[in-house]
Amino acid sequence: MVKTVIPLNELRNPLAIPPARATRPEGALADTRGRTLRDLRISVTDRCNFRCVYCMPREVFDADYPYLPHDEVLTFEEIVRIAKAFREAGGIEKVRLTGGEPLLRRDIERLVGLLREALPGVDLTLTTNGSALKAKARSLKAAGLDRITVSLDSLDDATFRAMNDVDFPVAKVLEAIDSAASAGLAPVKVNMVVKRGVNDHQVVDLARHFRNSGHVVRYIEYMDVGSTNGWRMDDVIPSAEIVRRIHERFPLEPVGPLYAGEVAKRWRYADGAGEIGVISSVTHAFCGTCTRARISTDGQVYTCLFAQRGYDLKALVRGGVPDDALADAIRGIWQQRTDRYSEIRTAETARERKVEMSFIGG
Ligand code: SAM
C-alpha cells in the first residue's frame, strides 16, 4: 500500500454546535429521521498494539503517525461528565468503551467504575482485541463492566498473525475469551471482520469452534471506514453468503431482534448449539434504525461511523460550560442529525476522507 499522509487537522476541524429545540418533556430526543439516541461509544485511546491490515495498517500507523498528544485526550472525569450529559440529553441505555485498544488506557478499570457509579442501569460494555484481557477480565468485571466483545478474525494462527500484523498468537486471544467468561463477562461476543481472500476460509471454522460454547460469533462485513485501508467492494463477502456457507454445514434458522434497531441479524443453530449474528453494514444498510453516537478520543461527537467531522464537546467542557448547557448542546447535535452514509455509499464516497475508526471508536 502507498503511504498516505492524512491531514488530520482538516478532519478534526469541528462543526458548529446547533442550538437545541425544545422537546416535549415526555418526548424522546429524536433526529431529523425520527431516530432516537440509545447507544454511546467512547474511544478512550487512538492507539493500538495491533496493526490489523484493514484498520490500522502499519504503512500508515508507523512511528511517525501523529497520535493525539496527552493533553488532547479526554480525562476519565471529562468522559464521565460527557456520558452523564448524554444520558441527561437523550436517555442513553448502552455505553461501549472502545478505541484504539481500550485496555491500553492506563487504569481503565477506574473509568469503568466511575461510569458504573454515574450511570446506574446502563449496559456497560467494552470491545477489545483480547491481548491484555486475560490479566484484566476479573478487575473489569469487579469494576462494573457488564459484557465484553473480543475481536477475532481467524482461528488459524498464521492467518491471525498476518492479519494483526504484529505476530500475536491466536491461542492467547482464545485464553482471554475463556478468562472473560469465567470472570462473569459471558456471553462473550466474538467479532470477526470477513475480508475476501484473506480470512473468509475461516467463516465455518469459527462457527464450528464456538458452537455450544455460549459465546456468540458476529460476522462483520468489511467496511470502508477511515481512509487508509484501501477498501474495495470486491473485498466484501456479503453476509447472505456468510449465512449460506454456515447453513450448508450447520443448519440455521432466523431469530427476531432483541430490541428495535439491533445491528446484528441473529440466526440460531437448528440443533440448539447456540446462535450467531451477521452485521451487514455494506449490503443491507441499517442507517434507518441507527441510534448510535460516538465520542472520539479527543472529545468530539460524531453522529456516524463514516463522518468526516465532529462537534467539539471537549472545548465546551474545558471552557467551563454548565451541565444543562452541555446536555443542550448534545440535544442540538442530535436533533439536526441527517446521516445515512451506508444508504448512499458508492465507489466515490468510499474514497472520501473519513475519520479513522481507531480515533472515532469502532
Ligand atoms: N481494539 C479493539 C478491537 O480490536 O476490538 C477495539 C477497536 S476496533 C476499531 C473495533 C472493531 O472494529 C473490531 O472488531 C474491528 O475488527 C472492527 N473493524 C475495524 N476496521 C474495520 C473495517 N474496515 N470493517 C469492519 N470492521 C472493522
# chains A, B, ... in the order shown; residues from 1 in each chain; ligands from 1
$ residues_around --residues "stretch 149-151 of chain A" --least-positions-apart "3" --cutoff "8 Å" --atoms "only C-alpha atoms" --output "list in words"
Thr125, Leu126, Thr127, Thr128, Asn129, Gly130, Ile177, Val188, Lys189, Val190, Asn191 and Met192 of chain A
$ write_last_selection --atoms "N, CA and C atoms" --output "short mmCIF file (atom, residue, chain, number, x, y, z; two decimals), in the first residue's frame"
data_model
loop_
_atom_site.label_atom_id
_atom_site.label_comp_id
_atom_site.auth_asym_id
_atom_site.auth_seq_id
_atom_site.Cartn_x
_atom_site.Cartn_y
_atom_site.Cartn_z
N THR A 125 -20.32 -1.91 28.32
CA THR A 125 -19.60 -2.94 27.58
C THR A 125 -18.28 -2.38 27.05
N LEU A 126 -17.46 -3.27 26.51
CA LEU A 126 -16.14 -2.87 26.01
C LEU A 126 -15.76 -3.79 24.85
N THR A 127 -15.12 -3.23 23.84
CA THR A 127 -14.62 -4.03 22.71
C THR A 127 -13.11 -4.04 22.74
N THR A 128 -12.50 -5.23 22.65
CA THR A 128 -11.05 -5.34 22.79
C THR A 128 -10.49 -6.35 21.80
N ASN A 129 -9.20 -6.21 21.52
CA ASN A 129 -8.54 -7.23 20.69
C ASN A 129 -8.14 -8.44 21.54
N GLY A 130 -8.33 -8.36 22.85
CA GLY A 130 -8.12 -9.51 23.73
C GLY A 130 -6.69 -9.69 24.20
N ILE A 177 -10.66 -15.13 26.00
CA ILE A 177 -12.12 -15.30 25.90
C ILE A 177 -12.60 -16.21 27.05
N VAL A 188 -19.71 -13.96 25.84
CA VAL A 188 -18.75 -13.12 25.13
C VAL A 188 -19.18 -13.03 23.67
N LYS A 189 -19.15 -11.81 23.13
CA LYS A 189 -19.38 -11.68 21.68
C LYS A 189 -18.03 -11.71 21.00
N VAL A 190 -17.92 -12.47 19.93
CA VAL A 190 -16.65 -12.61 19.21
C VAL A 190 -16.85 -12.00 17.83
N ASN A 191 -16.17 -10.90 17.55
CA ASN A 191 -16.35 -10.19 16.27
C ASN A 191 -15.34 -10.67 15.24
N MET A 192 -15.83 -11.12 14.11
CA MET A 192 -14.92 -11.48 13.01
C MET A 192 -15.22 -10.58 11.82
#
$ residues_near_ligand --ligand "ligand 1" --cutoff "6 Å" --atoms "only C-alpha atoms and all ligand atoms" --output "short mmCIF file (atom, residue, chain, number, x, y, z; two decimals) with N, CA and C atoms, in the first residue's frame"
data_model
loop_
_atom_site.label_atom_id
_atom_site.label_comp_id
_atom_site.auth_asym_id
_atom_site.auth_seq_id
_atom_site.Cartn_x
_atom_site.Cartn_y
_atom_site.Cartn_z
N TYR A 54 -6.70 -4.15 7.94
CA TYR A 54 -7.90 -3.49 7.44
C TYR A 54 -8.28 -2.29 8.31
N CYS A 55 -7.53 -2.02 9.38
CA CYS A 55 -7.94 -0.99 10.33
C CYS A 55 -6.82 0.01 10.59
N THR A 98 -14.23 1.73 23.66
CA THR A 98 -13.53 1.16 22.53
C THR A 98 -12.34 2.03 22.19
N GLY A 99 -11.81 1.90 20.98
CA GLY A 99 -10.63 2.68 20.62
C GLY A 99 -10.31 2.48 19.15
N GLY A 100 -9.07 2.47 18.86
CA GLY A 100 -7.87 2.05 19.52
C GLY A 100 -8.12 0.81 20.39
N GLU A 101 -7.14 0.47 21.16
CA GLU A 101 -7.32 -0.67 22.06
C GLU A 101 -7.58 -0.15 23.47
N THR A 127 -15.12 -3.23 23.84
CA THR A 127 -14.62 -4.03 22.71
C THR A 127 -13.11 -4.04 22.74
N THR A 128 -12.50 -5.23 22.65
CA THR A 128 -11.05 -5.34 22.79
C THR A 128 -10.49 -6.35 21.80
N ASN A 129 -9.20 -6.21 21.52
CA ASN A 129 -8.54 -7.23 20.69
C ASN A 129 -8.14 -8.44 21.54
N VAL A 150 -14.90 -9.45 21.96
CA VAL A 150 -13.49 -9.69 21.62
C VAL A 150 -13.39 -9.86 20.10
N SER A 151 -12.48 -9.14 19.49
CA SER A 151 -12.29 -9.26 18.04
C SER A 151 -11.39 -10.47 17.76
N ASN A 191 -16.17 -10.90 17.55
CA ASN A 191 -16.35 -10.19 16.27
C ASN A 191 -15.34 -10.67 15.24
N VAL A 193 -14.24 -9.78 11.41
CA VAL A 193 -14.37 -9.00 10.17
C VAL A 193 -13.94 -9.91 9.03
N ILE A 220 -18.80 -9.63 10.57
CA ILE A 220 -18.96 -8.24 10.16
C ILE A 220 -18.46 -8.06 8.73
N GLU A 221 -19.29 -7.46 7.90
CA GLU A 221 -18.82 -7.15 6.55
C GLU A 221 -17.71 -6.11 6.63
N TYR A 222 -16.68 -6.36 5.86
CA TYR A 222 -15.54 -5.43 5.81
C TYR A 222 -16.02 -4.08 5.26
N MET A 223 -15.73 -3.00 6.00
CA MET A 223 -16.30 -1.69 5.68
C MET A 223 -15.25 -0.69 5.21
N ASP A 224 -15.73 0.35 4.54
CA ASP A 224 -14.86 1.43 4.05
C ASP A 224 -14.72 2.53 5.10
N VAL A 225 -14.44 2.15 6.33
CA VAL A 225 -14.22 3.17 7.36
C VAL A 225 -12.86 3.81 7.16
N MET A 357 -11.25 4.77 12.17
CA MET A 357 -12.04 4.04 13.16
C MET A 357 -11.32 4.02 14.52
N SER A 358 -10.00 3.95 14.50
CA SER A 358 -9.25 3.90 15.76
C SER A 358 -9.43 5.19 16.57
N GLY A 361 -13.58 5.41 17.30
CA GLY A 361 -14.08 4.29 18.11
C GLY A 361 -14.89 3.32 17.29
N GLY A 362 -14.43 2.06 17.23
CA GLY A 362 -15.12 1.06 16.40
C GLY A 362 -16.32 0.48 17.09
#
$ closest_residue --among "A:Ala143, A:Ala293, A:Leu305, A:Leu133" --to "A:Glu117" --atoms "only C-alpha atoms"
A:Ala143
$ residues_around --residues "A:Thr346" --least-positions-apart "4" --cutoff "12 Å" --atoms "only C-alpha atoms" --output "PyMOL selection string"
chain A and resi 224+231-233+282-283+341-342+350-352
$ write_last_selection --atoms "all heavy atoms" --output "mmCIF file, in the first residue's frame"
data_model
loop_
_atom_site.group_PDB
_atom_site.id
_atom_site.type_symbol
_atom_site.label_atom_id
_atom_site.label_comp_id
_atom_site.auth_asym_id
_atom_site.auth_seq_id
_atom_site.Cartn_x
_atom_site.Cartn_y
_atom_site.Cartn_z
ATOM 1 N N ASP A 224 -15.729 0.354 4.545
ATOM 2 C CA ASP A 224 -14.863 1.430 4.048
ATOM 3 C C ASP A 224 -14.717 2.529 5.095
ATOM 4 O O ASP A 224 -14.873 3.701 4.781
ATOM 5 C CB ASP A 224 -15.432 2.005 2.755
ATOM 6 C CG ASP A 224 -16.886 2.432 2.887
ATOM 7 O OD1 ASP A 224 -17.636 1.762 3.619
ATOM 8 O OD2 ASP A 224 -17.275 3.429 2.256
ATOM 9 N N TRP A 231 -10.095 0.138 0.861
ATOM 10 C CA TRP A 231 -11.304 -0.685 0.708
ATOM 11 C C TRP A 231 -11.759 -0.783 -0.751
ATOM 12 O O TRP A 231 -11.712 0.200 -1.486
ATOM 13 C CB TRP A 231 -12.406 -0.055 1.558
ATOM 14 C CG TRP A 231 -13.700 -0.802 1.590
ATOM 15 C CD1 TRP A 231 -14.048 -1.781 2.472
ATOM 16 C CD2 TRP A 231 -14.835 -0.604 0.742
ATOM 17 N NE1 TRP A 231 -15.329 -2.208 2.208
ATOM 18 C CE2 TRP A 231 -15.838 -1.499 1.151
ATOM 19 C CE3 TRP A 231 -15.109 0.243 -0.346
ATOM 20 C CZ2 TRP A 231 -17.076 -1.574 0.553
ATOM 21 C CZ3 TRP A 231 -16.356 0.165 -0.954
ATOM 22 C CH2 TRP A 231 -17.314 -0.741 -0.506
ATOM 23 N N ARG A 232 -12.213 -1.977 -1.145
ATOM 24 C CA ARG A 232 -12.855 -2.179 -2.443
ATOM 25 C C ARG A 232 -14.052 -3.092 -2.219
ATOM 26 O O ARG A 232 -13.967 -4.037 -1.435
ATOM 27 C CB ARG A 232 -11.907 -2.879 -3.430
ATOM 28 C CG ARG A 232 -10.694 -2.056 -3.834
ATOM 29 C CD ARG A 232 -9.769 -2.884 -4.715
ATOM 30 N NE ARG A 232 -9.692 -4.258 -4.230
ATOM 31 C CZ ARG A 232 -9.764 -5.350 -5.007
ATOM 32 N NH1 ARG A 232 -9.891 -5.242 -6.293
ATOM 33 N NH2 ARG A 232 -9.689 -6.563 -4.476
ATOM 34 N N MET A 233 -15.142 -2.839 -2.942
ATOM 35 C CA MET A 233 -16.357 -3.648 -2.775
ATOM 36 C C MET A 233 -16.055 -5.137 -2.998
ATOM 37 O O MET A 233 -16.646 -6.005 -2.348
ATOM 38 C CB MET A 233 -17.436 -3.157 -3.761
ATOM 39 C CG MET A 233 -18.781 -3.817 -3.584
ATOM 40 S SD MET A 233 -19.560 -3.429 -1.991
ATOM 41 C CE MET A 233 -20.617 -4.870 -1.783
ATOM 42 N N VAL A 282 -22.578 -3.143 4.851
ATOM 43 C CA VAL A 282 -22.409 -2.712 3.468
ATOM 44 C C VAL A 282 -23.601 -3.139 2.604
ATOM 45 O O VAL A 282 -24.166 -2.331 1.870
ATOM 46 C CB VAL A 282 -21.093 -3.279 2.874
ATOM 47 C CG1 VAL A 282 -20.925 -2.861 1.420
ATOM 48 C CG2 VAL A 282 -19.894 -2.817 3.707
ATOM 49 N N THR A 283 -24.012 -4.411 2.720
ATOM 50 C CA THR A 283 -25.028 -4.900 1.781
ATOM 51 C C THR A 283 -26.463 -4.619 2.227
ATOM 52 O O THR A 283 -27.372 -4.634 1.399
ATOM 53 C CB THR A 283 -24.876 -6.419 1.533
ATOM 54 O OG1 THR A 283 -25.016 -7.097 2.786
ATOM 55 C CG2 THR A 283 -23.529 -6.733 0.912
ATOM 56 N N TYR A 341 -24.998 7.442 5.687
ATOM 57 C CA TYR A 341 -23.889 7.142 4.774
ATOM 58 C C TYR A 341 -24.042 5.798 4.072
ATOM 59 O O TYR A 341 -23.853 5.690 2.855
ATOM 60 C CB TYR A 341 -22.538 7.170 5.525
ATOM 61 C CG TYR A 341 -21.404 6.773 4.615
ATOM 62 C CD1 TYR A 341 -20.805 7.709 3.782
ATOM 63 C CD2 TYR A 341 -20.982 5.448 4.529
ATOM 64 C CE1 TYR A 341 -19.807 7.338 2.896
ATOM 65 C CE2 TYR A 341 -19.989 5.064 3.638
ATOM 66 C CZ TYR A 341 -19.409 6.011 2.832
ATOM 67 O OH TYR A 341 -18.435 5.642 1.945
ATOM 68 N N SER A 342 -24.379 4.758 4.821
ATOM 69 C CA SER A 342 -24.392 3.419 4.211
ATOM 70 C C SER A 342 -25.491 3.284 3.171
ATOM 71 O O SER A 342 -25.403 2.442 2.276
ATOM 72 C CB SER A 342 -24.526 2.338 5.284
ATOM 73 O OG SER A 342 -23.356 2.320 6.061
ATOM 74 N N ALA A 350 -16.693 5.970 -0.976
ATOM 75 C CA ALA A 350 -15.753 5.100 -0.264
ATOM 76 C C ALA A 350 -14.349 5.693 -0.300
ATOM 77 O O ALA A 350 -13.537 5.418 0.572
ATOM 78 C CB ALA A 350 -15.761 3.706 -0.874
ATOM 79 N N ARG A 351 -14.087 6.521 -1.320
ATOM 80 C CA ARG A 351 -12.740 7.118 -1.423
ATOM 81 C C ARG A 351 -12.620 8.429 -0.655
ATOM 82 O O ARG A 351 -11.538 8.983 -0.541
ATOM 83 C CB ARG A 351 -12.391 7.357 -2.906
ATOM 84 C CG ARG A 351 -11.889 6.082 -3.607
ATOM 85 C CD ARG A 351 -11.220 6.422 -4.910
ATOM 86 N NE ARG A 351 -12.163 6.909 -5.900
ATOM 87 C CZ ARG A 351 -12.879 6.105 -6.699
ATOM 88 N NH1 ARG A 351 -12.730 4.816 -6.643
ATOM 89 N NH2 ARG A 351 -13.736 6.612 -7.566
ATOM 90 N N GLU A 352 -13.761 8.954 -0.163
ATOM 91 C CA GLU A 352 -13.705 10.230 0.563
ATOM 92 C C GLU A 352 -12.874 10.088 1.824
ATOM 93 O O GLU A 352 -12.789 9.010 2.392
ATOM 94 C CB GLU A 352 -15.128 10.663 0.977
ATOM 95 C CG GLU A 352 -15.920 11.239 -0.161
ATOM 96 C CD GLU A 352 -17.400 11.389 0.213
ATOM 97 O OE1 GLU A 352 -17.778 11.066 1.361
ATOM 98 O OE2 GLU A 352 -18.162 11.825 -0.658
#
$ residues_around --residues "stretch 40-49 of chain A" --least-positions-apart "6" --cutoff "8 Å" --atoms "only C-alpha atoms" --output "compact mmCIF listing (two decimals) with all heavy atoms, in the first residue's frame"
# COMPACT_ATOMS: atom_id res chain seq x y z
N TYR A 67 -0.26 10.60 16.54
CA TYR A 67 -1.29 10.27 17.55
C TYR A 67 -1.57 11.53 18.37
O TYR A 67 -0.77 12.47 18.40
CB TYR A 67 -0.79 9.15 18.47
CG TYR A 67 -0.68 7.83 17.77
CD1 TYR A 67 0.55 7.34 17.38
CD2 TYR A 67 -1.82 7.08 17.47
CE1 TYR A 67 0.65 6.12 16.72
CE2 TYR A 67 -1.72 5.87 16.81
CZ TYR A 67 -0.49 5.40 16.43
OH TYR A 67 -0.40 4.22 15.76
N LEU A 68 -2.70 11.52 19.05
CA LEU A 68 -3.08 12.69 19.86
C LEU A 68 -2.09 12.90 20.99
O LEU A 68 -1.71 11.93 21.67
CB LEU A 68 -4.46 12.46 20.48
CG LEU A 68 -5.66 12.54 19.56
CD1 LEU A 68 -6.90 12.03 20.29
CD2 LEU A 68 -5.87 13.97 19.07
N VAL A 73 -6.30 14.33 24.97
CA VAL A 73 -7.12 13.14 25.25
C VAL A 73 -8.03 13.46 26.44
O VAL A 73 -7.58 14.02 27.45
CB VAL A 73 -6.20 11.94 25.58
CG1 VAL A 73 -7.01 10.73 26.04
CG2 VAL A 73 -5.33 11.61 24.37
N LEU A 74 -9.30 13.10 26.34
CA LEU A 74 -10.23 13.34 27.45
C LEU A 74 -9.75 12.62 28.70
O LEU A 74 -9.32 11.46 28.63
CB LEU A 74 -11.62 12.81 27.12
CG LEU A 74 -12.48 13.53 26.10
CD1 LEU A 74 -13.84 12.83 25.99
CD2 LEU A 74 -12.66 15.00 26.43
N ALA A 83 -20.56 11.60 29.33
CA ALA A 83 -21.50 10.47 29.28
C ALA A 83 -22.77 10.79 30.08
O ALA A 83 -23.89 10.48 29.66
CB ALA A 83 -20.82 9.21 29.81
N ILE A 92 -29.49 7.64 27.20
CA ILE A 92 -28.62 6.56 26.76
C ILE A 92 -28.87 5.27 27.55
O ILE A 92 -28.98 5.30 28.77
CB ILE A 92 -27.14 7.01 27.02
CG1 ILE A 92 -26.76 8.11 26.06
CG2 ILE A 92 -26.17 5.87 26.97
CD1 ILE A 92 -26.72 7.66 24.65
N LYS A 94 -26.99 2.30 26.61
CA LYS A 94 -25.82 1.43 26.47
C LYS A 94 -24.58 2.26 26.21
O LYS A 94 -24.62 3.21 25.42
CB LYS A 94 -26.09 0.50 25.28
CG LYS A 94 -25.04 -0.54 25.05
CD LYS A 94 -25.60 -1.52 24.02
CE LYS A 94 -24.50 -2.38 23.45
NZ LYS A 94 -24.98 -3.25 22.39
N VAL A 95 -23.49 1.93 26.91
CA VAL A 95 -22.22 2.61 26.69
C VAL A 95 -21.17 1.55 26.37
O VAL A 95 -21.04 0.56 27.08
CB VAL A 95 -21.78 3.41 27.95
CG1 VAL A 95 -20.36 3.93 27.80
CG2 VAL A 95 -22.74 4.57 28.20
N ARG A 96 -20.43 1.78 25.27
CA ARG A 96 -19.36 0.85 24.90
C ARG A 96 -18.03 1.59 24.88
O ARG A 96 -17.90 2.63 24.24
CB ARG A 96 -19.64 0.26 23.51
CG ARG A 96 -18.52 -0.66 23.02
CD ARG A 96 -18.89 -1.33 21.70
NE ARG A 96 -20.09 -2.14 21.80
CZ ARG A 96 -20.11 -3.39 22.28
NH1 ARG A 96 -18.99 -3.96 22.69
NH2 ARG A 96 -21.24 -4.05 22.34
N LEU A 97 -17.05 1.06 25.60
CA LEU A 97 -15.70 1.63 25.58
C LEU A 97 -14.92 0.93 24.47
O LEU A 97 -14.95 -0.29 24.35
CB LEU A 97 -15.00 1.43 26.92
CG LEU A 97 -15.71 2.06 28.12
CD1 LEU A 97 -14.93 1.79 29.40
CD2 LEU A 97 -15.89 3.57 27.91
N THR A 98 -14.23 1.73 23.66
CA THR A 98 -13.53 1.16 22.53
C THR A 98 -12.34 2.03 22.19
O THR A 98 -11.84 2.79 23.02
CB THR A 98 -14.54 0.96 21.35
OG1 THR A 98 -13.83 0.44 20.23
CG2 THR A 98 -15.26 2.22 20.96
N GLY A 99 -11.81 1.90 20.98
CA GLY A 99 -10.63 2.68 20.62
C GLY A 99 -10.31 2.48 19.15
O GLY A 99 -11.21 2.18 18.37
N GLY A 100 -9.07 2.47 18.86
CA GLY A 100 -7.87 2.05 19.52
C GLY A 100 -8.12 0.81 20.39
O GLY A 100 -9.17 0.20 20.31
N GLU A 101 -7.14 0.47 21.16
CA GLU A 101 -7.32 -0.67 22.06
C GLU A 101 -7.58 -0.15 23.47
O GLU A 101 -6.66 0.36 24.12
CB GLU A 101 -6.07 -1.58 22.00
CG GLU A 101 -6.06 -2.70 23.03
CD GLU A 101 -7.37 -3.48 23.12
OE1 GLU A 101 -7.98 -3.80 22.08
OE2 GLU A 101 -7.82 -3.75 24.25
N PRO A 102 -8.82 -0.27 23.96
CA PRO A 102 -9.18 0.36 25.24
C PRO A 102 -8.38 -0.17 26.43
O PRO A 102 -8.17 0.57 27.39
CB PRO A 102 -10.67 0.08 25.39
CG PRO A 102 -10.96 -1.03 24.45
CD PRO A 102 -9.99 -0.92 23.33
N LEU A 104 -5.36 -0.64 26.58
CA LEU A 104 -4.06 0.03 26.67
C LEU A 104 -4.14 1.30 27.53
O LEU A 104 -3.13 1.83 27.96
CB LEU A 104 -3.56 0.47 25.29
CG LEU A 104 -3.15 -0.59 24.28
CD1 LEU A 104 -2.55 0.09 23.04
CD2 LEU A 104 -2.13 -1.56 24.87
N ARG A 105 -5.37 1.79 27.74
CA ARG A 105 -5.51 3.01 28.54
C ARG A 105 -5.26 2.66 30.00
O ARG A 105 -5.95 1.80 30.57
CB ARG A 105 -6.91 3.61 28.33
CG ARG A 105 -7.20 4.89 29.10
CD ARG A 105 -6.70 6.13 28.41
NE ARG A 105 -6.86 7.30 29.26
CZ ARG A 105 -7.73 8.29 29.08
NH1 ARG A 105 -8.53 8.28 28.02
NH2 ARG A 105 -7.80 9.31 29.91
N VAL A 166 1.29 -8.04 13.94
CA VAL A 166 2.31 -7.89 14.99
C VAL A 166 2.68 -9.28 15.52
O VAL A 166 3.24 -9.41 16.60
CB VAL A 166 1.85 -6.98 16.15
CG1 VAL A 166 1.71 -5.54 15.71
CG2 VAL A 166 0.53 -7.48 16.76
N ARG A 292 -26.85 5.37 17.31
CA ARG A 292 -25.52 5.44 17.93
C ARG A 292 -24.84 6.80 17.77
O ARG A 292 -24.83 7.38 16.68
CB ARG A 292 -24.60 4.41 17.26
CG ARG A 292 -24.18 3.31 18.19
CD ARG A 292 -23.79 2.09 17.41
NE ARG A 292 -24.99 1.49 16.89
CZ ARG A 292 -25.15 1.06 15.66
NH1 ARG A 292 -24.19 1.14 14.79
NH2 ARG A 292 -26.29 0.54 15.28
N ALA A 293 -24.25 7.27 18.86
CA ALA A 293 -23.37 8.44 18.80
C ALA A 293 -22.00 8.00 19.27
O ALA A 293 -21.87 7.04 20.05
CB ALA A 293 -23.90 9.55 19.70
N ARG A 294 -20.98 8.69 18.79
CA ARG A 294 -19.60 8.31 19.15
C ARG A 294 -18.85 9.51 19.68
O ARG A 294 -18.99 10.61 19.15
CB ARG A 294 -18.87 7.79 17.91
CG ARG A 294 -19.47 6.55 17.34
CD ARG A 294 -18.69 6.10 16.12
NE ARG A 294 -18.60 4.66 16.06
CZ ARG A 294 -19.55 3.87 15.59
NH1 ARG A 294 -20.65 4.39 15.13
NH2 ARG A 294 -19.40 2.57 15.60
N ILE A 295 -18.04 9.26 20.70
CA ILE A 295 -17.15 10.30 21.22
C ILE A 295 -15.73 9.89 20.89
O ILE A 295 -15.28 8.80 21.28
CB ILE A 295 -17.29 10.47 22.75
CG1 ILE A 295 -18.73 10.79 23.10
CG2 ILE A 295 -16.36 11.57 23.24
CD1 ILE A 295 -18.96 10.84 24.60
N SER A 296 -15.02 10.75 20.17
CA SER A 296 -13.64 10.42 19.81
C SER A 296 -12.73 10.62 21.02
O SER A 296 -13.12 11.22 22.03
CB SER A 296 -13.19 11.30 18.65
OG SER A 296 -13.20 12.65 19.06
N THR A 297 -11.51 10.12 20.87
CA THR A 297 -10.54 10.18 21.97
C THR A 297 -10.33 11.62 22.45
O THR A 297 -10.06 11.86 23.63
CB THR A 297 -9.20 9.58 21.49
OG1 THR A 297 -9.47 8.37 20.80
CG2 THR A 297 -8.27 9.32 22.64
N SER A 358 -10.00 3.95 14.50
CA SER A 358 -9.25 3.90 15.76
C SER A 358 -9.43 5.19 16.57
O SER A 358 -9.32 5.19 17.78
CB SER A 358 -7.77 3.69 15.47
OG SER A 358 -7.34 4.57 14.45
N PHE A 359 -9.73 6.30 15.89
CA PHE A 359 -9.86 7.60 16.52
C PHE A 359 -11.29 7.84 17.00
O PHE A 359 -11.55 8.31 18.09
CB PHE A 359 -9.42 8.65 15.50
CG PHE A 359 -9.68 10.07 15.87
CD1 PHE A 359 -8.90 10.69 16.84
CD2 PHE A 359 -10.67 10.79 15.25
CE1 PHE A 359 -9.14 12.01 17.17
CE2 PHE A 359 -10.91 12.11 15.58
CZ PHE A 359 -10.14 12.73 16.53
N ILE A 360 -12.22 7.44 16.14
CA ILE A 360 -13.64 7.68 16.40
C ILE A 360 -14.22 6.57 17.29
O ILE A 360 -15.24 6.74 17.95
CB ILE A 360 -14.39 7.76 15.05
CG1 ILE A 360 -15.75 8.41 15.14
CG2 ILE A 360 -14.54 6.42 14.43
CD1 ILE A 360 -16.42 8.57 13.80
N GLY A 361 -13.58 5.41 17.30
CA GLY A 361 -14.08 4.29 18.11
C GLY A 361 -14.89 3.32 17.29
O GLY A 361 -15.90 3.67 16.70
N GLY A 362 -14.43 2.06 17.23
CA GLY A 362 -15.12 1.06 16.40
C GLY A 362 -16.32 0.48 17.09
O GLY A 362 -16.64 0.82 18.22
$ select_by_dssp --residues "stretch 30-202 of chain A" --states "helix (DSSP H, G or I)" --output "number ranges by chain"
A: 70-72, 76-90, 102-104, 108-118, 133-143, 157-164, 170-182, 200-202
$ write_last_selection --atoms "C-alpha atoms" --output "short mmCIF file (atom, residue, chain, number, x, y, z; two decimals), in the first residue's frame"
data_model
loop_
_atom_site.label_atom_id
_atom_site.label_comp_id
_atom_site.auth_asym_id
_atom_site.auth_seq_id
_atom_site.Cartn_x
_atom_site.Cartn_y
_atom_site.Cartn_z
CA HIS A 70 -1.68 13.51 26.01
CA ASP A 71 -3.35 16.83 26.85
CA GLU A 72 -5.84 16.48 23.97
CA PHE A 76 -11.70 9.98 32.88
CA GLU A 77 -13.56 12.74 34.70
CA GLU A 78 -14.30 14.51 31.39
CA ILE A 79 -15.51 11.25 29.83
CA VAL A 80 -17.86 10.64 32.75
CA ARG A 81 -19.19 14.18 32.63
CA ILE A 82 -19.91 13.91 28.90
CA ALA A 83 -21.50 10.47 29.28
CA LYS A 84 -23.77 11.82 32.03
CA ALA A 85 -24.72 14.75 29.81
CA PHE A 86 -25.64 12.28 27.05
CA ARG A 87 -27.88 10.45 29.44
CA GLU A 88 -29.44 13.70 30.58
CA ALA A 89 -29.96 14.78 26.96
CA GLY A 90 -31.28 11.60 25.47
CA PRO A 102 -9.18 0.36 25.24
CA LEU A 103 -7.21 -1.96 27.52
CA LEU A 104 -4.06 0.03 26.67
CA ILE A 108 -9.22 1.60 32.50
CA GLU A 109 -10.92 -0.22 35.39
CA ARG A 110 -11.13 3.11 37.22
CA LEU A 111 -13.07 4.58 34.28
CA VAL A 112 -15.38 1.55 34.25
CA GLY A 113 -16.01 2.06 37.98
CA LEU A 114 -16.71 5.78 37.56
CA LEU A 115 -19.14 5.15 34.69
CA ARG A 116 -20.85 2.36 36.62
CA GLU A 117 -21.44 4.73 39.52
CA ALA A 118 -22.51 7.66 37.35
CA LEU A 133 -7.80 -9.24 28.58
CA LYS A 134 -6.70 -12.36 30.43
CA ALA A 135 -4.98 -10.25 33.09
CA LYS A 136 -7.82 -7.73 33.34
CA ALA A 137 -11.04 -9.72 32.99
CA ARG A 138 -11.69 -10.07 36.74
CA SER A 139 -10.86 -6.48 37.61
CA LEU A 140 -13.06 -5.18 34.78
CA LYS A 141 -15.98 -7.28 36.00
CA ALA A 142 -15.38 -6.19 39.59
CA ALA A 143 -15.36 -2.54 38.48
CA ASP A 157 -2.62 -18.97 13.77
CA ALA A 158 -0.76 -18.00 10.59
CA THR A 159 -3.77 -16.08 9.23
CA PHE A 160 -4.39 -14.42 12.59
CA ARG A 161 -0.77 -13.32 12.98
CA ALA A 162 -0.74 -11.97 9.41
CA MET A 163 -3.99 -10.02 9.97
CA ASN A 164 -2.94 -8.42 13.27
CA VAL A 170 -4.40 -16.68 18.39
CA ALA A 171 -4.05 -19.01 21.41
CA LYS A 172 -3.70 -16.01 23.74
CA VAL A 173 -6.94 -14.48 22.49
CA LEU A 174 -8.75 -17.78 22.95
CA GLU A 175 -7.42 -17.98 26.52
CA ALA A 176 -8.62 -14.41 27.11
CA ILE A 177 -12.12 -15.30 25.90
CA ASP A 178 -12.20 -18.17 28.43
CA SER A 179 -10.95 -15.88 31.20
CA ALA A 180 -13.62 -13.31 30.38
CA ALA A 181 -16.33 -15.95 30.52
CA SER A 182 -15.10 -17.32 33.86
CA ASP A 200 -13.10 -15.93 4.57
CA HIS A 201 -11.93 -19.55 4.61
CA GLN A 202 -12.31 -19.29 8.41
#
$ atom_distance --atom1 "atom CA of A:Ile17" --atom2 "atom CA of A:Leu37"
16.9 Å
$ residues_around --residues "A:Glu275" --least-positions-apart "6" --cutoff "8 Å" --atoms "only C-alpha atoms" --output "PyMOL selection string"
chain A and resi 211+216-217+266-269
